[in-house]
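Participant: Following this line is data-v9.cif, made up of mmCIF, C-alpha atoms:
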data_entry
#
loop_
_atom_site.label_atom_id
_atom_site.label_comp_id
_atom_site.auth_asym_id
_atom_site.auth_seq_id
_atom_site.Cartn_x
_atom_site.Cartn_y
_atom_site.Cartn_z
CA MET A 7 0.00 0.00 0.00
CA LYS A 8 2.84 2.32 0.87
CA ILE A 9 4.41 1.66 -2.48
CA LEU A 10 1.16 2.41 -4.31
CA PHE A 11 0.78 5.68 -2.41
CA LEU A 12 4.31 6.75 -3.27
CA VAL A 13 3.74 5.99 -6.94
CA LEU A 14 0.57 8.09 -6.93
CA VAL A 15 2.36 11.01 -5.31
CA ILE A 16 5.12 10.91 -7.87
CA ALA A 17 2.89 10.44 -10.88
CA LEU A 18 0.28 13.09 -10.15
CA PRO A 19 1.05 16.73 -10.82
CA LEU A 20 0.98 19.03 -7.81
CA ASN A 21 -2.24 20.90 -7.24
CA PHE A 22 -1.55 24.61 -7.56
CA SER A 23 -5.15 25.78 -7.48
CA SER A 24 -5.93 29.08 -5.78
CA ARG A 25 -8.17 27.34 -3.26
CA GLN A 26 -5.16 25.50 -1.91
CA LYS A 27 -3.24 28.75 -1.78
CA GLU A 28 -5.70 30.42 0.59
CA GLY A 29 -4.20 28.54 3.51
CA GLY A 30 -0.68 28.75 2.08
CA TRP A 31 0.91 25.77 0.37
CA ARG A 32 1.21 22.69 2.53
CA GLY A 33 0.82 24.92 5.53
CA ILE A 34 3.55 27.40 4.57
CA ALA A 35 2.49 31.01 4.09
CA PRO A 36 4.67 34.02 3.29
CA LEU A 37 5.04 36.51 6.18
CA HIS A 38 3.54 34.01 8.62
CA SER A 39 5.59 30.82 8.54
CA THR A 40 8.98 30.51 10.18
CA ARG A 41 12.08 28.59 9.21
CA ALA A 42 11.16 26.11 11.94
CA ASP A 43 7.73 25.61 10.34
CA VAL A 44 9.36 24.88 6.99
CA GLU A 45 11.91 22.49 8.48
CA ARG A 46 9.21 20.68 10.42
CA ILE A 47 7.56 19.82 7.11
CA PHE A 48 10.54 19.29 4.80
CA GLY A 49 13.44 18.67 7.18
CA ALA A 50 16.56 20.80 7.44
CA SER A 51 18.03 22.16 4.23
CA THR A 52 21.41 20.70 3.42
CA ASN A 53 22.10 23.32 0.78
CA GLU A 54 24.77 25.96 1.40
CA CYS A 55 22.13 28.73 1.50
CA LYS A 56 19.96 26.73 3.93
CA CYS A 57 17.05 27.61 1.72
CA ILE A 58 16.39 24.69 -0.64
CA TYR A 59 14.24 21.76 0.42
CA LYS A 60 13.33 18.58 -1.41
CA SER A 61 10.17 16.55 -1.26
CA PRO A 62 9.34 13.54 -3.48
CA ASP A 63 7.25 15.71 -5.79
CA ALA A 64 8.94 19.11 -5.70
CA THR A 65 11.94 21.26 -4.91
CA ILE A 66 11.13 24.23 -2.70
CA HIS A 67 13.29 27.35 -2.60
CA VAL A 68 12.50 29.55 0.41
CA GLU A 69 13.64 33.15 0.84
CA TYR A 70 13.62 34.30 4.44
CA ALA A 71 13.60 37.77 5.96
CA ILE A 72 17.01 38.87 7.22
CA ASP A 73 15.55 41.22 9.80
CA ARG A 74 12.57 43.57 10.08
CA CYS A 75 12.12 45.40 6.75
CA LYS A 76 15.18 43.58 5.32
CA GLY A 77 15.41 40.75 2.88
CA VAL A 78 15.16 39.87 -0.76
CA ILE A 79 11.71 41.49 -0.81
CA PRO A 80 12.40 44.57 1.31
CA GLY A 81 9.91 46.45 3.45
CA TRP A 82 8.06 43.77 5.38
CA ASN A 83 7.81 44.29 9.10
CA VAL A 84 8.54 40.71 10.13
CA PRO A 85 11.53 39.37 12.09
CA GLY A 86 14.39 37.40 10.58
CA ASP A 87 13.79 33.80 9.47
CA ILE A 88 10.17 34.46 8.53
CA VAL A 89 9.29 33.24 5.04
CA LEU A 90 9.08 36.15 2.60
CA ARG A 91 8.58 34.14 -0.55
CA PHE A 92 8.97 30.56 -1.66
CA THR A 93 9.10 28.92 -5.04
CA VAL A 94 7.90 25.40 -5.73
CA ARG A 95 9.33 23.54 -8.71
CA PRO A 96 7.31 20.39 -9.36
CA THR A 97 9.03 17.16 -10.33
CA VAL A 98 6.15 16.33 -12.67
CA GLN A 99 5.29 19.33 -14.80
CA GLN A 100 1.71 20.33 -15.37
CA ASN A 101 0.21 22.18 -18.29
CA PHE A 102 -0.72 25.72 -17.22
CA SER A 103 -3.95 25.67 -19.20
CA GLU A 104 -5.20 22.79 -17.03
CA LEU A 105 -5.46 25.18 -14.07
CA LYS A 106 -8.23 27.06 -15.90
CA LEU A 107 -7.38 30.32 -14.16
CA GLU A 108 -9.18 33.59 -14.84
CA ILE A 109 -6.22 35.10 -16.67
CA GLU A 110 -7.70 38.62 -16.61
CA LYS A 111 -7.05 38.65 -12.86
CA TYR A 112 -3.31 38.20 -13.44
CA THR A 113 -0.57 40.57 -14.52
CA VAL A 114 1.40 38.98 -17.32
CA ARG A 115 5.06 39.53 -18.13
CA ARG A 116 7.37 37.63 -20.43
CA ASP A 117 11.13 37.48 -20.00
CA ASP A 118 13.81 37.07 -22.63
CA THR A 119 13.60 33.27 -22.45
CA PHE A 120 9.89 33.35 -23.34
CA THR A 121 9.04 32.30 -19.82
CA THR A 122 5.70 33.95 -19.01
CA TYR A 123 4.99 35.05 -15.45
CA TYR A 124 1.35 35.22 -14.35
CA ALA A 125 1.03 37.06 -11.06
CA ASN A 126 -1.96 37.71 -8.83
CA ARG A 127 -0.94 39.97 -5.99
CA SER A 128 -4.18 39.74 -4.04
CA GLU A 129 -3.87 35.95 -3.92
CA GLY A 130 -0.10 36.10 -3.47
CA ILE A 131 0.88 33.75 -6.26
CA GLU A 132 2.98 33.86 -9.41
CA TYR A 133 3.27 31.11 -12.01
CA ALA A 134 6.33 30.83 -14.25
CA VAL A 135 5.28 29.08 -17.44
CA SER A 136 7.79 27.83 -20.02
CA SER A 137 7.37 28.50 -23.72
CA ASP A 138 5.84 25.02 -24.13
CA GLY A 139 3.01 25.92 -21.75
CA MET A 140 4.23 23.80 -18.86
CA ILE A 141 4.43 25.22 -15.32
CA ASN A 142 8.09 25.67 -14.53
CA SER A 143 7.57 26.91 -10.99
CA VAL A 144 5.02 28.53 -8.68
CA SER A 145 6.05 31.32 -6.32
CA TYR A 146 4.06 32.17 -3.21
CA ILE A 147 4.44 35.84 -2.33
CA PRO A 148 2.90 38.18 0.27
CA SER A 149 -0.78 38.55 -0.47
CA GLY A 150 -3.12 41.52 -0.52
CA GLY A 151 -4.35 40.83 2.99
CA ASP A 152 -0.89 41.38 4.42
CA TYR A 153 -0.30 44.97 3.39
CA GLY A 154 -0.78 46.07 7.01
CA LEU A 155 2.64 44.52 7.61
CA ARG A 156 4.48 46.97 5.35
CA CYS A 157 7.26 48.92 7.06
CA SER A 158 6.85 52.64 7.30
CA GLY A 159 8.51 54.51 4.43
CA PHE A 160 7.94 51.71 1.90
CA PRO A 161 5.24 51.75 -0.79
CA GLY A 162 2.28 49.40 -0.40
CA GLN A 163 3.35 47.17 -3.27
CA ASP A 164 6.55 45.25 -2.70
CA GLY A 165 9.08 44.07 -5.26
CA SER A 166 7.94 40.47 -5.30
CA VAL A 167 6.43 40.86 -8.74
CA THR A 168 8.25 42.58 -11.58
CA ASN A 169 5.60 44.08 -13.79
CA HIS A 170 7.78 45.33 -16.65
CA ASN A 171 11.17 44.60 -18.15
CA ARG A 172 13.64 47.47 -17.94
CA PHE A 173 15.01 49.17 -21.01
CA ASP A 174 18.23 50.10 -19.20
CA ASP A 175 19.59 50.81 -15.75
CA TYR A 176 22.72 52.47 -14.45
CA GLY A 177 24.32 53.89 -11.35
CA ASP A 178 25.68 57.27 -10.36
CA LEU A 179 27.12 58.37 -13.72
CA ASP A 180 28.34 61.89 -14.37
CA PHE A 181 25.84 63.81 -16.48
CA ASN A 182 27.88 63.55 -19.71
CA SER A 183 28.00 59.77 -19.47
CA GLU A 184 24.33 59.67 -18.53
CA THR A 185 23.41 61.52 -21.71
CA GLY A 186 24.79 58.58 -23.72
CA ARG A 187 22.37 56.22 -21.99
CA LEU A 188 19.52 58.70 -22.35
CA ASP A 189 20.24 59.09 -26.06
CA THR A 190 19.81 55.37 -26.68
CA PHE A 191 16.56 55.54 -24.70
CA ALA A 192 15.41 58.61 -26.67
CA ILE A 193 15.98 56.90 -30.02
CA ALA A 194 13.98 53.86 -28.92
CA LEU A 195 11.10 56.09 -27.84
CA ASP A 196 11.36 58.20 -30.95
CA ARG A 197 11.06 55.14 -33.20
CA THR A 198 7.81 53.95 -31.66
CA ALA A 199 5.20 56.64 -31.28
CA ASN A 200 2.97 54.94 -28.72
CA LEU A 201 5.67 54.32 -26.13
CA LYS A 202 5.94 56.27 -22.91
CA GLY A 203 9.28 56.69 -21.15
CA TYR A 204 9.64 56.33 -17.39
CA ILE A 205 12.74 57.49 -15.53
CA VAL A 206 12.80 56.01 -12.02
CA VAL A 207 15.59 57.25 -9.77
CA TYR A 208 16.55 55.84 -6.37
CA ALA A 209 18.88 57.89 -4.17
CA GLY A 210 21.56 56.07 -2.21
CA LYS A 211 22.07 55.49 1.49
CA VAL A 212 23.96 58.80 1.66
CA ALA A 213 22.02 61.27 -0.44
CA CYS A 214 21.66 64.93 -1.24
CA PRO A 215 18.36 66.64 -0.42
CA ASN A 216 15.69 65.61 -2.96
CA GLU A 217 18.38 63.85 -4.98
CA ALA A 218 16.18 61.23 -6.65
CA GLY A 219 13.57 63.75 -7.73
CA SER A 220 16.04 66.30 -9.04
CA ARG A 221 18.10 63.69 -10.96
CA ALA A 222 14.95 62.23 -12.51
CA ASN A 223 13.80 65.70 -13.55
CA ARG A 224 17.22 66.53 -14.99
CA ALA A 225 17.14 63.41 -17.17
CA ARG A 226 13.58 64.19 -18.25
CA ALA A 227 14.55 67.77 -19.16
CA TYR A 228 17.41 66.43 -21.31
CA LEU A 229 15.10 64.14 -23.26
CA ILE A 230 12.60 66.96 -23.80
CA ASN A 231 14.94 69.87 -24.45
CA LYS A 232 17.86 68.20 -26.22
CA ARG A 233 16.12 65.28 -27.92
CA ALA A 234 12.78 66.95 -28.57
CA LEU A 235 10.58 64.28 -27.04
CA SER A 236 7.11 65.39 -26.08
CA PRO A 237 6.81 66.22 -22.33
CA THR A 238 3.64 64.14 -22.16
CA ARG A 239 5.61 61.02 -23.09
CA ILE A 240 8.30 61.28 -20.40
CA LEU A 241 7.62 60.71 -16.71
CA ALA A 242 10.13 61.30 -13.93
CA ILE A 243 9.63 59.29 -10.74
CA ASP A 244 11.32 59.63 -7.35
CA GLY A 245 11.65 55.98 -6.32
CA GLY A 246 12.91 56.59 -2.79
CA TYR A 247 16.13 55.01 -1.55
CA ARG A 248 18.33 52.00 -2.19
CA GLU A 249 21.74 51.01 -0.84
CA ARG A 250 23.23 52.63 -3.92
CA PHE A 251 22.06 55.38 -6.24
CA SER A 252 20.41 53.88 -9.30
CA VAL A 253 18.40 54.86 -12.34
CA GLU A 254 15.98 52.62 -14.21
CA LEU A 255 14.57 53.41 -17.64
CA TYR A 256 11.38 51.86 -18.96
CA ALA A 257 9.83 52.19 -22.43
CA LEU A 258 6.20 51.10 -22.02
CA SER A 259 3.09 51.26 -24.11
CA GLU A 260 0.84 54.23 -23.37
CA ASN A 261 -1.84 52.22 -21.59
CA ALA A 262 0.54 50.09 -19.49
CA ASP A 263 0.67 50.43 -15.72
CA PRO A 264 3.66 52.43 -14.48
CA PRO A 265 6.67 50.37 -13.37
CA ASN A 266 6.67 49.11 -9.79
CA ILE A 267 8.66 51.27 -7.43
CA VAL A 268 10.96 49.15 -5.29
CA PRO A 269 13.03 51.05 -2.71
CA THR A 270 15.19 48.78 -0.59
CA ILE A 271 15.82 51.00 2.44
CA ALA A 272 13.60 53.21 4.54
CA PRO A 273 14.04 57.00 4.51
CA SER A 274 14.89 56.80 8.23
CA GLU A 275 18.09 54.88 7.36
CA VAL A 276 19.31 57.51 4.92
CA LYS A 277 21.90 60.14 5.74
CA ILE A 278 21.12 63.41 3.96
CA VAL A 279 24.22 65.49 3.24
CA LYS A 280 25.01 68.69 1.43
CA ASN A 281 28.33 68.54 -0.38
CA GLN A 282 29.94 69.23 -3.77
CA ARG A 283 28.19 66.28 -5.34
CA CYS A 284 24.86 67.95 -4.65
CA ASN A 285 25.59 70.99 -6.81
CA MET B 8 31.78 39.05 -26.08
CA VAL B 9 35.37 37.83 -25.97
CA ASP B 10 36.45 41.15 -24.46
CA THR B 11 33.56 41.07 -22.02
CA LEU B 12 34.57 37.62 -20.82
CA LYS B 13 38.15 38.77 -20.37
CA TYR B 14 37.14 41.59 -18.00
CA SER B 15 38.06 40.98 -14.36
CA ASP B 16 36.64 37.65 -13.07
CA CYS B 17 33.77 37.64 -15.60
CA ALA B 18 34.39 34.17 -17.08
CA GLU B 19 35.03 32.62 -13.66
CA TYR B 20 31.90 34.26 -12.21
CA ILE B 21 29.78 32.92 -15.06
CA ALA B 22 31.03 29.40 -14.41
CA TRP B 23 30.04 29.76 -10.73
CA LEU B 24 26.65 31.18 -11.70
CA ILE B 25 25.87 28.38 -14.14
CA ASN B 26 26.97 25.76 -11.62
CA LYS B 27 24.76 27.38 -8.97
CA VAL B 28 21.64 27.65 -11.11
CA ALA B 29 22.08 24.03 -12.21
CA GLU B 30 22.38 22.97 -8.57
CA GLN B 31 19.36 25.01 -7.48
CA THR B 32 17.04 24.03 -10.31
CA GLY B 33 18.19 20.44 -10.70
CA LYS B 34 18.59 21.13 -14.42
CA PRO B 35 22.11 20.14 -15.52
CA PHE B 36 24.14 22.54 -17.62
CA GLU B 37 25.40 22.06 -21.15
CA SER B 38 28.64 23.97 -20.66
CA THR B 39 30.13 26.92 -18.79
CA ASP B 40 32.18 27.92 -21.83
CA ILE B 41 30.22 30.90 -23.15
CA MET B 42 32.16 31.31 -26.38
CA GLY B 43 31.90 27.59 -27.04
CA LEU B 44 28.14 27.82 -26.57
CA PHE B 45 28.02 30.94 -28.73
CA GLU B 46 29.82 29.11 -31.55
CA LYS B 47 27.35 26.28 -31.14
CA THR B 48 24.46 28.78 -31.32
CA LYS B 49 25.93 30.44 -34.41
CA SER B 50 26.23 27.11 -36.16
CA GLN B 51 22.59 26.26 -35.59
CA PRO B 52 20.65 26.16 -38.86
CA ARG B 53 18.31 28.99 -37.81
CA GLY B 54 20.74 30.96 -35.65
CA GLY B 55 20.51 34.71 -35.52
CA GLY B 56 21.56 37.69 -33.54
CA GLY B 57 17.62 40.56 -26.56
CA TRP B 58 16.25 37.06 -26.33
CA ALA B 59 17.31 33.43 -26.20
CA TRP B 60 15.39 30.45 -27.42
CA GLY B 61 15.80 26.91 -28.65
CA TRP B 62 17.57 23.63 -28.06
CA TYR B 63 20.83 22.22 -29.42
CA PRO B 64 19.55 18.74 -30.30
CA GLN B 65 16.75 20.30 -32.37
CA GLY B 66 19.20 22.61 -34.10
CA ASN B 67 17.17 25.73 -33.34
CA ALA B 68 19.08 27.39 -30.47
CA MET B 69 19.43 31.10 -31.13
CA ILE B 70 19.97 34.43 -29.48
CA ASN B 71 18.77 37.80 -30.65
CA ILE B 72 20.34 41.06 -29.54
CA TYR B 73 18.38 44.23 -30.15
CA THR B 74 20.19 47.08 -31.80
CA LEU B 75 21.24 50.07 -29.71
CA SER B 76 21.59 53.51 -31.29
CA TYR B 77 23.27 56.82 -30.56
CA TYR B 78 23.18 60.39 -31.84
CA SER B 79 26.16 61.48 -33.90
CA ASP B 80 26.44 64.69 -31.86
CA ASN B 81 27.14 62.75 -28.66
CA PRO B 82 30.01 60.22 -28.70
CA ARG B 83 29.19 59.16 -25.14
CA GLY B 84 26.40 57.00 -26.47
CA ALA B 85 28.62 55.25 -29.00
CA ALA B 86 31.40 54.44 -26.52
CA ARG B 87 29.22 52.19 -24.42
CA ILE B 88 27.47 50.25 -27.14
CA PRO B 89 30.17 47.57 -27.82
CA TYR B 90 30.23 46.80 -24.10
CA ALA B 91 26.45 46.64 -23.95
CA TYR B 92 26.37 44.22 -26.90
CA GLY B 93 29.08 42.07 -25.33
CA GLU B 94 27.26 41.87 -22.01
CA ARG B 95 23.91 41.21 -23.67
CA GLY B 96 25.39 38.42 -25.79
CA VAL B 97 26.88 36.77 -22.71
CA HIS B 98 23.56 37.22 -20.86
CA GLU B 99 21.55 35.50 -23.59
CA VAL B 100 24.01 32.63 -24.06
CA ILE B 101 23.86 31.91 -20.31
CA HIS B 102 20.13 31.27 -20.74
CA LEU B 103 21.13 28.60 -23.26
CA SER B 104 23.70 26.96 -21.00
CA ALA B 105 21.29 24.35 -19.61
CA LYS B 106 21.73 20.80 -20.85
CA GLY B 107 20.26 20.76 -24.33
CA GLY B 108 19.79 24.54 -24.60
CA LEU B 109 17.20 26.93 -23.19
CA GLY B 110 16.72 26.15 -19.54
CA TYR B 111 17.55 28.89 -17.07
CA ASN B 112 15.08 31.77 -16.96
CA GLU B 113 15.49 35.21 -15.38
CA ALA B 114 13.98 34.27 -12.02
CA GLU B 115 16.16 31.17 -11.66
CA LEU B 116 19.35 33.01 -12.49
CA THR B 117 18.49 35.83 -10.08
CA LYS B 118 18.07 33.28 -7.28
CA ALA B 119 21.41 31.71 -8.19
CA ALA B 120 23.15 35.10 -8.27
CA ARG B 121 21.73 35.95 -4.84
CA ALA B 122 22.90 32.61 -3.48
CA LEU B 123 26.41 33.30 -4.75
CA GLU B 124 26.49 36.82 -3.30
CA PRO B 125 23.93 37.17 -0.50
CA ASN B 126 25.20 40.66 0.27
CA GLY B 127 25.51 41.73 -3.36
CA ARG B 128 23.77 45.01 -4.01
CA PHE B 129 21.98 44.11 -7.21
CA ILE B 130 18.30 43.91 -8.05
CA ASP B 131 18.57 40.96 -10.41
CA TRP B 132 21.19 38.67 -11.93
CA ASP B 133 21.88 41.04 -14.81
CA GLY B 134 23.10 43.60 -12.26
CA ALA B 135 25.46 40.98 -10.83
CA LEU B 136 26.68 40.05 -14.30
CA LYS B 137 27.43 43.69 -15.10
CA ASN B 138 29.38 44.03 -11.84
CA HIS B 139 31.60 41.14 -12.89
CA CYS B 140 31.81 41.74 -16.61
CA LEU B 141 31.75 45.47 -17.35
CA PRO B 142 34.00 48.38 -16.39
CA PRO B 143 32.21 50.65 -13.88
CA GLN B 144 31.56 53.47 -16.35
CA PHE B 145 29.63 51.14 -18.66
CA ARG B 146 27.53 49.26 -16.10
#
Using the file provided, produce a representation of the structure as structure tokens.
Facilitator:
Amino acid sequence: MKILFLVLVIALPLNFSSRQKEGGWRGIAPLHSTRADVERIFGASTNECKCIYKSPDATIHVEYAIDRCKGVIPGWNVPGDIVLRFTVRPTVQQNFSELKLEIEKYTVRRDDTFTTYYANRSEGIEYAVSSDGMINSVSYIPSGGDYGLRCSGFPGQDGSVTNHNRFDDYGDLDFNSETGRLDTFAIALDRTANLKGYIVVYAGKVACPNEAGSRANRARAYLINKRALSPTRILAIDGGYRERFSVELYALSENADPPNIVPTIAPSEVKIVKNQRCN
Amino acid sequence: MVDTLKYSDCAEYIAWLINKVAEQTGKPFESTDIMGLFEKTKSQPRGGGGWAWGWYPQGNAMINIYTLSYYSDNPRGAARIPYAYGERGVHEVIHLSAKGGLGYNEAELTKAARALEPNGRFIDWDGALKNHCLPPQFR
């Protein structure tokens, strides 16, 4: 009987229906389960990262909080070793269409390997589907009901779902070098009339006053004044703060949602300075 | 791409990354030799020149690199483009480094890059790749 049961477990695809998700997956829920909870179910991880677990029917990759507001998905007010996100890779792959999901409730993004990601933030789930239509993995992410756990200074939406692919990104370049990047961006926008350009700037851990906003506006002004792009097509966004200054450029269709803003540190952790770099 | 791979520890880092993503996903790799894989991709019957797709046994593995442009009145744009092409080529070939061809997607490689450098200050694996493979002014 035991043998028959094992065969059934191995042969049947995992059930990834939303109903199962409501109580987490096999009792694990992002922002609520601990490392001890995970290890009670799957045993201790023997992997170097202490984050990969094996079961007969799946490999589970768990990403834990490092501390309050810290971790691979920043801004969640939970202590270290709480599950932030986990990804289940089934041993037996299932066809995505068999789930019969209401696709209109999902944001859809495709990466450069033709893997399509279907994400539903309110349910806290994201499917990665290979180009052949098979489910590659399922990620369980913080769900809509948990937004009360966001740390102060972080936007409501976290970075667990990437909604758009970036056109380019760069760090703290001098303005002359930055114009080279902006030129490439401008030409791409110029070639396709219905694209809108987003400039998202994150100031670093040591920042000038209003640095992100002023750098985003400077880049926007360059695209408008030097490269003659229409002001209505270029948006400048102050993204908040990250460990290091960074700029992200997006070229999106006019009716697309704006890119997700994903700061990684709270304003309270930032040192504001006034020095030569700020001029 | 050859120059990109020669920069700093780029080639060595890529070998670590491919080993790590293979370990984490359970999907074995084809090779960690990016130029060898690139030659293999070029010799595919329908090869071409940012996305990656296809499988070596089927003879349809290919990468596509989008063109980047610059204005003639600003040489700053032109200076970076060879580096950007080199990095993008390496990026796409890494996607094809799984056994048989296409196998490692963006999410899987980002997890592998984070496992290799838990304190690395990058948002995704492409940021890590740039840190290892491009001079600072072109990242």
Participant: Do you know which residues are at most 10 Å from Cys140 of chain B counting only C-alpha atoms, after dropping those on the same chain fewer than 3 positions away, and could you put them as a list of chain:residue names?
Facilitator: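 Neighbouring residues, sequence-local ones excluded: B:Met8, B:Asp10, B:Thr11, B:Leu12, B:Lys13, B:Tyr14, B:Ser15, B:Asp16, B:Cys17, B:Ala18, B:Tyr20, B:Ile21, B:Tyr90, B:Gly93, B:Glu94, B:Val97, B:Gly134, B:Ala135, B:Leu136, B:Lys137, B:Pro143, B:Phe145, B:Arg146.
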Participant: The PyMOL selection byres ((chain A and resi 239-247) around 7) on the file shown: which residues, as a list in words?
Facilitator: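 When the PyMOL selection byres ((chain A and resi 239-247) around 7) is applied to the shown file, the picked residues are Lys202, Gly203, Tyr204, Ile205, Val206, Val207, Tyr208, Ala209, Gly210, Lys211, Ala218, Gly219, Ala222, Asn223, Arg226, Ser236, Pro237, Thr238, Arg248, Glu249, Ile267, Val268, Pro269, Thr270, Ile271, Ala272 and Pro273 of chain A.
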Participant: Using only C-alpha atoms, I'd like a table of the residues in chain A that come within 9 Å of chain B; for each, show the closest atom pair and its distance in Å rounded to one decimal, ordered by chain and ascending number, as CSV.
Facilitator:
residue,atom,partner,partner_atom,distance
A:Asn53,CA,B:Gln31,CA,8.9
A:Glu54,CA,B:Ala122,CA,8.5
A:Cys55,CA,B:Ala122,CA,6.4
A:Ile58,CA,B:Gln31,CA,7.5
A:Thr65,CA,B:Thr32,CA,7.9
A:His67,CA,B:Gln31,CA,8.1
A:Val78,CA,B:Arg121,CA,8.7
A:Arg95,CA,B:Thr32,CA,7.9
A:Asp117,CA,B:Glu113,CA,6.7
A:Asp118,CA,B:Trp58,CA,4.4
A:Thr119,CA,B:Ala59,CA,5.3
A:Phe120,CA,B:Trp60,CA,7.4
A:Thr121,CA,B:Asn112,CA,6.7
A:Ala134,CA,B:Ala114,CA,8.7
A:Ser136,CA,B:Asn112,CA,8.8
A:Asp175,CA,B:Arg146,CA,8.1
A:Tyr176,CA,B:Arg146,CA,6.0
A:Gly177,CA,B:Arg146,CA,7.4
A:Leu179,CA,B:Gln144,CA,7.1
A:Asn182,CA,B:Arg83,CA,7.1
A:Ser183,CA,B:Arg83,CA,5.8
A:Glu184,CA,B:Arg83,CA,8.2
A:Thr185,CA,B:Arg83,CA,7.1
A:Gly186,CA,B:Gly84,CA,3.6
A:Arg187,CA,B:Gly84,CA,6.1
A:Leu188,CA,B:Gly84,CA,8.2
A:Asp189,CA,B:Tyr77,CA,5.9
A:Thr190,CA,B:Ser76,CA,5.3
A:Phe191,CA,B:Ser76,CA,8.5
A:Ala192,CA,B:Tyr77,CA,9.0
A:Ile193,CA,B:Ser76,CA,6.7
A:Ala194,CA,B:Ser76,CA,8.0
A:Glu249,CA,B:Arg128,CA,7.1
A:Arg250,CA,B:Arg128,CA,7.6
Participant: Using only C-alpha atoms, determine which residues lie at most 10 Å from Trp62 of chain B, disregarding the query and same-chain residues fewer than 5 positions distant; provide the list as a list of chain:residue names.
Facilitator: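 Listing them by chain and then by number gives B:Thr48, B:Gln51, B:Asn67, B:Ala68, B:Met69, B:Leu103, B:Ser104, B:Ala105, B:Lys106, B:Gly107, B:Gly108, B:Leu109, B:Gly110.
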Participant: Please produce an output containing C-alpha atoms for each residue in the selection, written as a PDB file, keeping the file's coordinate frame.
Facilitator:
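The resulting file, selection-v1.pdb, is shown below:
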ATOM      1  CA  THR B  48      24.460  28.780 -31.320  1.00  0.00           C
ATOM      2  CA  GLN B  51      22.590  26.260 -35.590  1.00  0.00           C
ATOM      3  CA  ASN B  67      17.170  25.730 -33.340  1.00  0.00           C
ATOM      4  CA  ALA B  68      19.080  27.390 -30.470  1.00  0.00           C
ATOM      5  CA  MET B  69      19.430  31.100 -31.130  1.00  0.00           C
ATOM      6  CA  LEU B 103      21.130  28.600 -23.260  1.00  0.00           C
ATOM      7  CA  SER B 104      23.700  26.960 -21.000  1.00  0.00           C
ATOM      8  CA  ALA B 105      21.290  24.350 -19.610  1.00  0.00           C
ATOM      9  CA  LYS B 106      21.730  20.800 -20.850  1.00  0.00           C
ATOM     10  CA  GLY B 107      20.260  20.760 -24.330  1.00  0.00           C
ATOM     11  CA  GLY B 108      19.790  24.540 -24.600  1.00  0.00           C
ATOM     12  CA  LEU B 109      17.200  26.930 -23.190  1.00  0.00           C
ATOM     13  CA  GLY B 110      16.720  26.150 -19.540  1.00  0.00           C
TER      14      GLY B 110
END
Participant: Tell me, as a PyMOL selection string, which residues lie within 7 Å of Thr113 of chain A, counting all atoms listed in the file; anything in the same chain fewer than 4 positions away does not count.
Facilitator: chain A and resi 124-126
Participant: Selected residues, C-alpha atoms, written as a short mmCIF file (atom, residue, chain, number, x, y, z; two decimals), in the coordinates of the input, please.
Facilitator:
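Ended up saving to part_2.cif:
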data_model
loop_
_atom_site.label_atom_id
_atom_site.label_comp_id
_atom_site.auth_asym_id
_atom_site.auth_seq_id
_atom_site.Cartn_x
_atom_site.Cartn_y
_atom_site.Cartn_z
CA TYR A 124 1.35 35.22 -14.35
CA ALA A 125 1.03 37.06 -11.06
CA ASN A 126 -1.96 37.71 -8.83
#
Participant: Please list as a VMD selection string every residue within 10 Å of Asn200 of chain A, counting only C-alpha atoms and excluding residues in the same chain fewer than 4 positions away.
Facilitator: chain A and resid 195 to 196 239 257 to 261
Participant: Decode the PyMOL selection byres ((chain A and resi 277) around 10) for the given file into explicit residues and return them as JSON, numbers by chain.
Facilitator: {"A": [210, 211, 212, 213, 214, 215, 273, 274, 275, 276, 278, 279]}
Participant: Pick out the closest residue to Asp133 of chain B from this set: B:Gly43, B:Pro35, B:Leu24, B:Val9. Count all atoms listed in the file.
Facilitator: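 Among the listed residues, the smallest separation from Asp133 of chain B belongs to B:Leu24.
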Participant: Which value, in Å to one decimal, gives the distance between atom CA of Tyr133 of chain A and atom CA of Pro264 of chain A?
Facilitator: 21.5 Å
Participant: Between atom CA of Asp174 of chain A and atom CA of Glu254 of chain A, what distance in Å does the model show, to one decimal?
Facilitator: 6.0 Å
Participant: Please, what distance in Å, to one decimal, runs between atom CA of Ile66 of chain A and atom CA of Phe92 of chain A?
Facilitator: 6.8 Å
Participant: Using all atoms listed in the file, pick whichever of B:Trp132, B:Tyr92, B:Phe45, B:Phe36 has the shortest atom-to-atom distance to Tyr73 of chain B.
Facilitator: B:Tyr92
Participant: What residues have an atom no more than 8 Å from (15.8, 34.6, 4.2) in the file's own frame, counting only C-alpha atoms, and can you write them as a VMD selection string?
Facilitator: chain A and resid 57 68 to 72 77 to 78 86 to 90
